[in-house]
Amino acid sequence: MAKTKNPLYVVKNNGVDVEVAISFFDLMLKKFNLEAIVPIFEAVVQAILSEVNSYPVFLEVKKMLDLFFEQFIGILFEIQQKLMAKKI
C-alpha cells in the first residue's frame with residue numbers, strides 16, 4: 001500500500017486499535033464495522049449479473065445499480081458533511 005500525504009485513521013476499542021483507511025469509503029466501512037458487508041454485496045451483484053441474458057435486462061440492472069450507488073454516495077456525503085461540521 002502506498003503512503004498517502006494525509007492518511008485517514010480509524011480508532012477502535014477506546015484507542016487501543018488504530019487502522020489506516022485508504023479512502024473515505026474505507027474509513028466509513030471500518031468505522032461502522034461494515035467490512036463484512038462488502039463480500040455479501042459483491043455476491044448479490046454477481047448473482048444478479050449472472051441472470052442478465054439480454055441487453056434490455058442489462059440496462060435495467062444498470063439503472064438499478066446506478067440508483068443504489070447514487071443514493072449510497074449521497075448518504076456517505078451527508079455523513080462526511082456532518083462529521084466535518086462537528087470538527088469546526
# chains A, B, ... in the order shown; residues from 1 in each chain; ligands from 1
$ residues_around --residues "Met28 (chain A)" --least-positions-apart "4" --cutoff "10 Å" --atoms "only C-alpha atoms" --output "list in words"
Val10, Ala21, Ser23, Phe24, Phe32, Asn33, Leu34, Glu35, Leu76, Ile79 and Gln80 of chain A
$ write_last_selection --atoms "C-alpha atoms" --output "PDB file, in the first residue's frame"
ATOM      1  CA  VAL A  10      -9.942   4.618  12.375  1.00  0.00           C
ATOM      2  CA  ALA A  21      -8.061   3.786   5.888  1.00  0.00           C
ATOM      3  CA  SER A  23     -10.276   6.334   1.368  1.00  0.00           C
ATOM      4  CA  PHE A  24     -13.299   7.945   2.961  1.00  0.00           C
ATOM      5  CA  PHE A  32     -19.050   1.291  11.434  1.00  0.00           C
ATOM      6  CA  ASN A  33     -17.771  -2.319  11.196  1.00  0.00           C
ATOM      7  CA  LEU A  34     -19.360  -2.841   7.780  1.00  0.00           C
ATOM      8  CA  GLU A  35     -16.413  -4.600   6.161  1.00  0.00           C
ATOM      9  CA  LEU A  76     -21.803   8.987   2.578  1.00  0.00           C
ATOM     10  CA  ILE A  79     -22.194  11.699   6.824  1.00  0.00           C
ATOM     11  CA  GLN A  80     -18.959  13.370   5.719  1.00  0.00           C
TER      12      GLN A  80
END
$ select_by_dssp --residues "chain A" --states "alpha helix (DSSP H)" --output "ChimeraX atom specification"
/A:24-31,37-50,55-87
$ select_by_dssp --residues "chain A" --states "strand (DSSP E or B)" --output "PyMOL selection string"
chain A and resi 8-12+17-21
$ closest_residue --among "A:Met84, A:Leu67, A:Ile73, A:Val52" --to "Phe25 (chain A)" --atoms "only C-alpha atoms"
A:Ile73
$ atom_distance --atom1 "CA of Val61 (chain A)" --atom2 "CA of Asp26 (chain A)"
25.2 Å
$ atom_distance --atom1 "CA of Lys62 (chain A)" --atom2 "CA of Glu78 (chain A)"
24.1 Å
$ atom_distance --atom1 "CA of Pro39 (chain A)" --atom2 "CA of Ser54 (chain A)"
25.9 Å
$ decode --residues "region 32-51 of chain A" --atoms "N, CA and C atoms" --output "PDB file, in the first residue's frame"
ATOM      1  N   PHE A  32     -17.760   1.859  11.057  1.00  0.00           N
ATOM      2  CA  PHE A  32     -19.050   1.291  11.434  1.00  0.00           C
ATOM      3  C   PHE A  32     -19.081  -0.239  11.338  1.00  0.00           C
ATOM      4  N   ASN A  33     -17.902  -0.856  11.251  1.00  0.00           N
ATOM      5  CA  ASN A  33     -17.771  -2.319  11.196  1.00  0.00           C
ATOM      6  C   ASN A  33     -18.636  -2.938  10.100  1.00  0.00           C
ATOM      7  N   LEU A  34     -18.570  -2.362   8.914  1.00  0.00           N
ATOM      8  CA  LEU A  34     -19.360  -2.841   7.780  1.00  0.00           C
ATOM      9  C   LEU A  34     -18.523  -3.597   6.754  1.00  0.00           C
ATOM     10  N   GLU A  35     -17.307  -3.922   7.105  1.00  0.00           N
ATOM     11  CA  GLU A  35     -16.413  -4.600   6.161  1.00  0.00           C
ATOM     12  C   GLU A  35     -16.958  -5.956   5.723  1.00  0.00           C
ATOM     13  N   ALA A  36     -17.711  -6.624   6.578  1.00  0.00           N
ATOM     14  CA  ALA A  36     -18.262  -7.935   6.232  1.00  0.00           C
ATOM     15  C   ALA A  36     -19.365  -7.824   5.177  1.00  0.00           C
ATOM     16  N   ILE A  37     -19.915  -6.648   5.000  1.00  0.00           N
ATOM     17  CA  ILE A  37     -20.997  -6.463   4.031  1.00  0.00           C
ATOM     18  C   ILE A  37     -20.473  -6.469   2.597  1.00  0.00           C
ATOM     19  N   VAL A  38     -19.244  -6.052   2.390  1.00  0.00           N
ATOM     20  CA  VAL A  38     -18.692  -5.937   1.033  1.00  0.00           C
ATOM     21  C   VAL A  38     -18.730  -7.273   0.289  1.00  0.00           C
ATOM     22  N   PRO A  39     -18.240  -8.378   0.847  1.00  0.00           N
ATOM     23  CA  PRO A  39     -18.326  -9.650   0.108  1.00  0.00           C
ATOM     24  C   PRO A  39     -19.769 -10.083  -0.153  1.00  0.00           C
ATOM     25  N   ILE A  40     -20.659  -9.789   0.786  1.00  0.00           N
ATOM     26  CA  ILE A  40     -22.071 -10.133   0.593  1.00  0.00           C
ATOM     27  C   ILE A  40     -22.642  -9.327  -0.563  1.00  0.00           C
ATOM     28  N   PHE A  41     -22.351  -8.032  -0.586  1.00  0.00           N
ATOM     29  CA  PHE A  41     -22.833  -7.172  -1.669  1.00  0.00           C
ATOM     30  C   PHE A  41     -22.263  -7.631  -3.014  1.00  0.00           C
ATOM     31  N   GLU A  42     -20.980  -7.968  -3.032  1.00  0.00           N
ATOM     32  CA  GLU A  42     -20.365  -8.466  -4.267  1.00  0.00           C
ATOM     33  C   GLU A  42     -21.043  -9.743  -4.747  1.00  0.00           C
ATOM     34  N   ALA A  43     -21.381 -10.641  -3.829  1.00  0.00           N
ATOM     35  CA  ALA A  43     -22.047 -11.891  -4.198  1.00  0.00           C
ATOM     36  C   ALA A  43     -23.445 -11.625  -4.755  1.00  0.00           C
ATOM     37  N   VAL A  44     -24.164 -10.682  -4.146  1.00  0.00           N
ATOM     38  CA  VAL A  44     -25.510 -10.345  -4.630  1.00  0.00           C
ATOM     39  C   VAL A  44     -25.431  -9.745  -6.029  1.00  0.00           C
ATOM     40  N   VAL A  45     -24.520  -8.818  -6.232  1.00  0.00           N
ATOM     41  CA  VAL A  45     -24.372  -8.203  -7.558  1.00  0.00           C
ATOM     42  C   VAL A  45     -23.955  -9.252  -8.581  1.00  0.00           C
ATOM     43  N   GLN A  46     -23.051 -10.145  -8.215  1.00  0.00           N
ATOM     44  CA  GLN A  46     -22.626 -11.212  -9.130  1.00  0.00           C
ATOM     45  C   GLN A  46     -23.799 -12.119  -9.490  1.00  0.00           C
ATOM     46  N   ALA A  47     -24.642 -12.442  -8.514  1.00  0.00           N
ATOM     47  CA  ALA A  47     -25.810 -13.292  -8.779  1.00  0.00           C
ATOM     48  C   ALA A  47     -26.791 -12.589  -9.716  1.00  0.00           C
ATOM     49  N   ILE A  48     -27.004 -11.306  -9.491  1.00  0.00           N
ATOM     50  CA  ILE A  48     -27.899 -10.539 -10.369  1.00  0.00           C
ATOM     51  C   ILE A  48     -27.332 -10.490 -11.782  1.00  0.00           C
ATOM     52  N   LEU A  49     -26.041 -10.187 -11.898  1.00  0.00           N
ATOM     53  CA  LEU A  49     -25.425 -10.083 -13.221  1.00  0.00           C
ATOM     54  C   LEU A  49     -25.384 -11.426 -13.949  1.00  0.00           C
ATOM     55  N   SER A  50     -25.332 -12.516 -13.217  1.00  0.00           N
ATOM     56  CA  SER A  50     -25.319 -13.832 -13.867  1.00  0.00           C
ATOM     57  C   SER A  50     -26.650 -14.139 -14.546  1.00  0.00           C
ATOM     58  N   GLU A  51     -27.710 -13.445 -14.141  1.00  0.00           N
ATOM     59  CA  GLU A  51     -29.031 -13.645 -14.736  1.00  0.00           C
ATOM     60  C   GLU A  51     -29.276 -12.757 -15.954  1.00  0.00           C
TER      61      GLU A  51
END
